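Undergrad: This is the structure I want to talk about, given as structure tokens.
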Amino acid sequence: MKQEFTRFLLLQKRMIRRKSYVAMVLSVLLFVAVLRGISTAESGLATIAIYVEEGADDTALKLRDNIMGTDSVILYREFDSADEAIDETASGRADATWIIPADLSRTVLEFAEKERTRHPINIYVREQNVIHFFLQEILQSQVFRLAGSRILDDYSYENLGTGNDEYERYIPGDSIFRLYNIGDPDASEEMNYIVMPLRGFMALWLMISAIASAMYYIYDKNNGLFIFWKTRNAFLREFMYHLIVTLDSAVIALFGLLVGGVFTGVLKELAAMAVYVVILTLFSMFVRLLLDSEMAVGVFTPVMITVAAIFSPVFVDLRSYKVIQNIVPPFHYLKSVFDPYYFRGGSVFAVCIFAVSLGLYFLRGKISERI
């Protein structure tokens, strides 16, 4: 037992001396540092160029002030002329240009009375995509906030004989909302949108590390590392080989989550990561047993990472592909961090991979004996 432990320590030392492995670890730390640095700089999901026509009325100025004063993931920049604002979008420096008419009050009243207007807010884009639909929703919410207040004020004056100059106090602000993560008793603080996908990136990177361990194992096996490493349980030896690489990477990943500011709780993070490490260790064994070629594993890696990025909730959570999602390792980890229900699914997945890998291992052994 002591001899086996010493061999695994030497194997750990051997991994640290691999330049490719060290570079892989340092690259993810650099990525986290850069991502953290970018999150503190001025940046947004989109940039809007705004121009308010000359002679703007109070409604137009109020709309501009509301938009420019919004604390949002959207960046707003005001320009002194329509041509400058439009050129900002035409050159690609902005995602859209909003031209606000000077007589916005008339625009609001015309729409309220006729459901159409001859003086609309003009929007210029280079090409329409999903983000423009979200931007239009934001603009509509701001416009109809003013329009609704103005219509209410006019109605009160015409029907009750009194106007209400303080109607905006009835408009709810941010204080009416409180954000909770499911299963977390405390309200969560807002997080910079740039670091939100960090956990997904860490999950994918950890999967790359695990698959890389399969390539390392094939290389060491072909170069005779295991000739003098006799053991009664070669399956366990291979499991520990992949576990060492995956576990080292998991420690780096947890450190990256902590530095990146997306770390939740110690017990929750360690439990989710422990299940994920076991899944990835068994998965890397399965890949090695199935392909057993450095070139084949190298070709397989980008394909598998692409599939994992699509069907795991790294950016979006697809709802219609549960069968595919359940065979993608990062899916179980990213879900289990926030929902204990997925620990069961991850555990079942690990058992299934173990059974398949064990069967494939003995099948290969039988085939080798016949040859």
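Identifiers in this document derive from the order of the structure tokens: chains are assigned A, B, ..., residues are numbered from 1 separately in each chain, and ligands are numbered from 1 in order of occurrence.
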From a DSSP pass on the backbone, collect the residues of segment 307-360 of chain A flagged as alpha helix (DSSP H) and hand them back as a VMD selection string.
TA: chain A and resid 307 to 311 322 to 325 329 to 336 341 to 360
Undergrad: Dump N, CA and C atoms for the selected residues as a CSV table (one decimal), in the first residue's frame?
TA:
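The result, stored in part-v4.csv:
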chain,number,residue,atom,x,y,z
A,307,VAL,N,-20.2,20.3,-28.1
A,307,VAL,CA,-21.5,19.8,-27.7
A,307,VAL,C,-21.8,20.2,-26.2
A,308,ALA,N,-20.8,20.1,-25.4
A,308,ALA,CA,-21.0,20.4,-24.0
A,308,ALA,C,-21.4,21.9,-23.8
A,309,ALA,N,-20.8,22.8,-24.6
A,309,ALA,CA,-21.1,24.2,-24.5
A,309,ALA,C,-22.5,24.5,-25.0
A,310,ILE,N,-23.0,23.8,-25.9
A,310,ILE,CA,-24.3,24.0,-26.5
A,310,ILE,C,-25.4,23.5,-25.5
A,311,PHE,N,-25.2,22.2,-25.0
A,311,PHE,CA,-26.3,21.6,-24.3
A,311,PHE,C,-26.1,21.7,-22.7
A,322,LYS,N,-33.4,17.1,-23.1
A,322,LYS,CA,-33.0,16.5,-21.8
A,322,LYS,C,-32.2,15.3,-22.0
A,323,VAL,N,-32.5,14.5,-23.0
A,323,VAL,CA,-31.7,13.2,-23.2
A,323,VAL,C,-30.3,13.5,-23.5
A,324,ILE,N,-30.0,14.5,-24.4
A,324,ILE,CA,-28.6,14.8,-24.7
A,324,ILE,C,-28.0,15.5,-23.5
A,325,GLN,N,-28.7,16.4,-22.8
A,325,GLN,CA,-28.1,17.1,-21.7
A,325,GLN,C,-27.7,16.1,-20.6
A,329,PRO,N,-21.4,15.8,-19.3
A,329,PRO,CA,-20.9,16.0,-17.9
A,329,PRO,C,-21.1,17.4,-17.3
A,330,PRO,N,-20.7,18.5,-18.0
A,330,PRO,CA,-20.9,19.8,-17.3
A,330,PRO,C,-22.3,20.1,-16.9
A,331,PHE,N,-23.3,19.5,-17.6
A,331,PHE,CA,-24.7,19.8,-17.3
A,331,PHE,C,-25.0,19.5,-15.9
A,332,HIS,N,-24.6,18.3,-15.4
A,332,HIS,CA,-24.9,17.9,-14.1
A,332,HIS,C,-24.2,18.8,-13.0
A,333,TYR,N,-23.0,19.2,-13.3
A,333,TYR,CA,-22.3,20.1,-12.4
A,333,TYR,C,-23.0,21.5,-12.3
A,334,LEU,N,-23.2,22.1,-13.4
A,334,LEU,CA,-23.8,23.5,-13.4
A,334,LEU,C,-25.2,23.5,-12.9
A,335,LYS,N,-25.9,22.4,-13.0
A,335,LYS,CA,-27.2,22.4,-12.4
A,335,LYS,C,-27.2,22.1,-10.9
A,336,SER,N,-26.3,21.2,-10.5
A,336,SER,CA,-26.3,20.7,-9.1
A,336,SER,C,-25.8,21.8,-8.1
A,341,TYR,N,-31.4,18.6,-6.5
A,341,TYR,CA,-32.1,17.6,-7.2
A,341,TYR,C,-31.1,16.9,-8.2
A,342,TYR,N,-30.2,17.7,-8.8
A,342,TYR,CA,-29.4,17.2,-9.9
A,342,TYR,C,-28.2,16.4,-9.3
A,343,PHE,N,-28.0,16.4,-8.0
A,343,PHE,CA,-26.9,15.5,-7.4
A,343,PHE,C,-27.3,14.1,-7.7
A,344,ARG,N,-28.6,13.8,-7.6
A,344,ARG,CA,-29.0,12.4,-7.9
A,344,ARG,C,-28.8,12.0,-9.4
A,345,GLY,N,-29.1,12.9,-10.3
A,345,GLY,CA,-28.9,12.7,-11.7
A,345,GLY,C,-27.4,12.5,-12.0
A,346,GLY,N,-26.6,13.4,-11.3
A,346,GLY,CA,-25.1,13.2,-11.5
A,346,GLY,C,-24.6,11.9,-11.0
A,347,SER,N,-25.1,11.5,-9.8
A,347,SER,CA,-24.6,10.3,-9.2
A,347,SER,C,-25.0,9.1,-10.1
A,348,VAL,N,-26.2,9.1,-10.6
A,348,VAL,CA,-26.7,8.0,-11.5
A,348,VAL,C,-25.8,8.0,-12.8
A,349,PHE,N,-25.5,9.2,-13.3
A,349,PHE,CA,-24.7,9.3,-14.5
A,349,PHE,C,-23.3,8.7,-14.2
A,350,ALA,N,-22.7,9.0,-13.1
A,350,ALA,CA,-21.4,8.5,-12.7
A,350,ALA,C,-21.4,6.9,-12.6
A,351,VAL,N,-22.5,6.4,-12.0
A,351,VAL,CA,-22.6,4.9,-11.9
A,351,VAL,C,-22.7,4.3,-13.3
A,352,CYS,N,-23.5,4.9,-14.2
A,352,CYS,CA,-23.6,4.4,-15.5
A,352,CYS,C,-22.3,4.4,-16.3
A,353,ILE,N,-21.5,5.5,-16.2
A,353,ILE,CA,-20.2,5.6,-16.8
A,353,ILE,C,-19.3,4.5,-16.2
A,354,PHE,N,-19.3,4.4,-14.9
A,354,PHE,CA,-18.5,3.4,-14.2
A,354,PHE,C,-18.8,2.0,-14.8
A,355,ALA,N,-20.1,1.6,-14.9
A,355,ALA,CA,-20.4,0.3,-15.4
A,355,ALA,C,-20.0,0.1,-16.8
A,356,VAL,N,-20.2,1.1,-17.7
A,356,VAL,CA,-19.8,1.0,-19.1
A,356,VAL,C,-18.3,0.9,-19.2
A,357,SER,N,-17.6,1.8,-18.5
A,357,SER,CA,-16.1,1.8,-18.5
A,357,SER,C,-15.5,0.4,-18.0
A,358,LEU,N,-16.1,-0.1,-16.9
A,358,LEU,CA,-15.6,-1.4,-16.4
A,358,LEU,C,-15.9,-2.5,-17.4
A,359,GLY,N,-17.1,-2.5,-18.0
A,359,GLY,CA,-17.3,-3.5,-19.0
A,359,GLY,C,-16.4,-3.4,-20.2
A,360,LEU,N,-16.2,-2.2,-20.7
A,360,LEU,CA,-15.3,-1.9,-21.8
A,360,LEU,C,-13.9,-2.3,-21.5
Undergrad: Can you pull out every residue within 8 Å of segment 95-103 of chain A, counting only C-alpha atoms, but drop anything in the same chain fewer than 3 positions away, and send it as a ChimeraX atom specification?
TA: /A:46-57,59-60,82,85-86,88-89,92,106-107,119-126,132
Undergrad: Restricting the output to C-alpha atoms, write the selected residues as a PDB file, in the first residue's frame.
TA:
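Okay, part.pdb is ready:
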ATOM      1  CA  ALA A  46     -24.694  46.764 -26.081  1.00  0.00           C
ATOM      2  CA  THR A  47     -23.964  50.408 -26.805  1.00  0.00           C
ATOM      3  CA  ILE A  48     -26.688  52.887 -27.803  1.00  0.00           C
ATOM      4  CA  ALA A  49     -26.050  56.220 -29.521  1.00  0.00           C
ATOM      5  CA  ILE A  50     -28.710  58.805 -28.605  1.00  0.00           C
ATOM      6  CA  TYR A  51     -29.603  62.108 -30.222  1.00  0.00           C
ATOM      7  CA  VAL A  52     -32.367  64.420 -29.005  1.00  0.00           C
ATOM      8  CA  GLU A  53     -33.549  66.866 -31.659  1.00  0.00           C
ATOM      9  CA  GLU A  54     -33.068  70.582 -31.031  1.00  0.00           C
ATOM     10  CA  GLY A  55     -35.837  72.397 -29.201  1.00  0.00           C
ATOM     11  CA  ALA A  56     -36.732  69.296 -27.192  1.00  0.00           C
ATOM     12  CA  ASP A  57     -39.725  69.583 -24.858  1.00  0.00           C
ATOM     13  CA  THR A  59     -41.014  64.960 -22.172  1.00  0.00           C
ATOM     14  CA  ALA A  60     -38.111  64.415 -24.579  1.00  0.00           C
ATOM     15  CA  ALA A  82     -28.165  62.956 -35.741  1.00  0.00           C
ATOM     16  CA  ALA A  85     -25.132  59.296 -33.772  1.00  0.00           C
ATOM     17  CA  ILE A  86     -26.049  57.384 -36.924  1.00  0.00           C
ATOM     18  CA  GLU A  88     -21.575  55.658 -34.638  1.00  0.00           C
ATOM     19  CA  THR A  89     -23.829  52.708 -35.514  1.00  0.00           C
ATOM     20  CA  GLY A  92     -19.931  49.497 -35.686  1.00  0.00           C
ATOM     21  CA  ARG A 106     -47.127  65.292 -29.287  1.00  0.00           C
ATOM     22  CA  THR A 107     -45.814  61.847 -30.210  1.00  0.00           C
ATOM     23  CA  HIS A 119     -43.403  61.695 -35.383  1.00  0.00           C
ATOM     24  CA  PRO A 120     -41.964  58.382 -34.118  1.00  0.00           C
ATOM     25  CA  ILE A 121     -38.711  57.685 -32.364  1.00  0.00           C
ATOM     26  CA  ASN A 122     -36.426  56.546 -35.173  1.00  0.00           C
ATOM     27  CA  ILE A 123     -34.128  53.579 -34.572  1.00  0.00           C
ATOM     28  CA  TYR A 124     -31.143  52.846 -36.814  1.00  0.00           C
ATOM     29  CA  VAL A 125     -29.288  49.510 -36.818  1.00  0.00           C
ATOM     30  CA  ARG A 126     -26.787  47.876 -39.149  1.00  0.00           C
ATOM     31  CA  HIS A 132     -32.086  44.633 -30.985  1.00  0.00           C
TER      32      HIS A 132
END
Undergrad: Can you list, as a list in words, every protein, DNA or RNA residue that comes within 9 Å of Val32 of chain A when you count only C-alpha atoms, leaving out same-chain residues fewer than 6 positions away?
TA: Val195, Leu198, Gly256, Leu257, Val259 and Gly260 of chain A
Undergrad: Could you check how far atom CA of Ile74 of chain A sits from atom CA of Val337 of chain A, in Å to one decimal?
TA: 28.6 Å
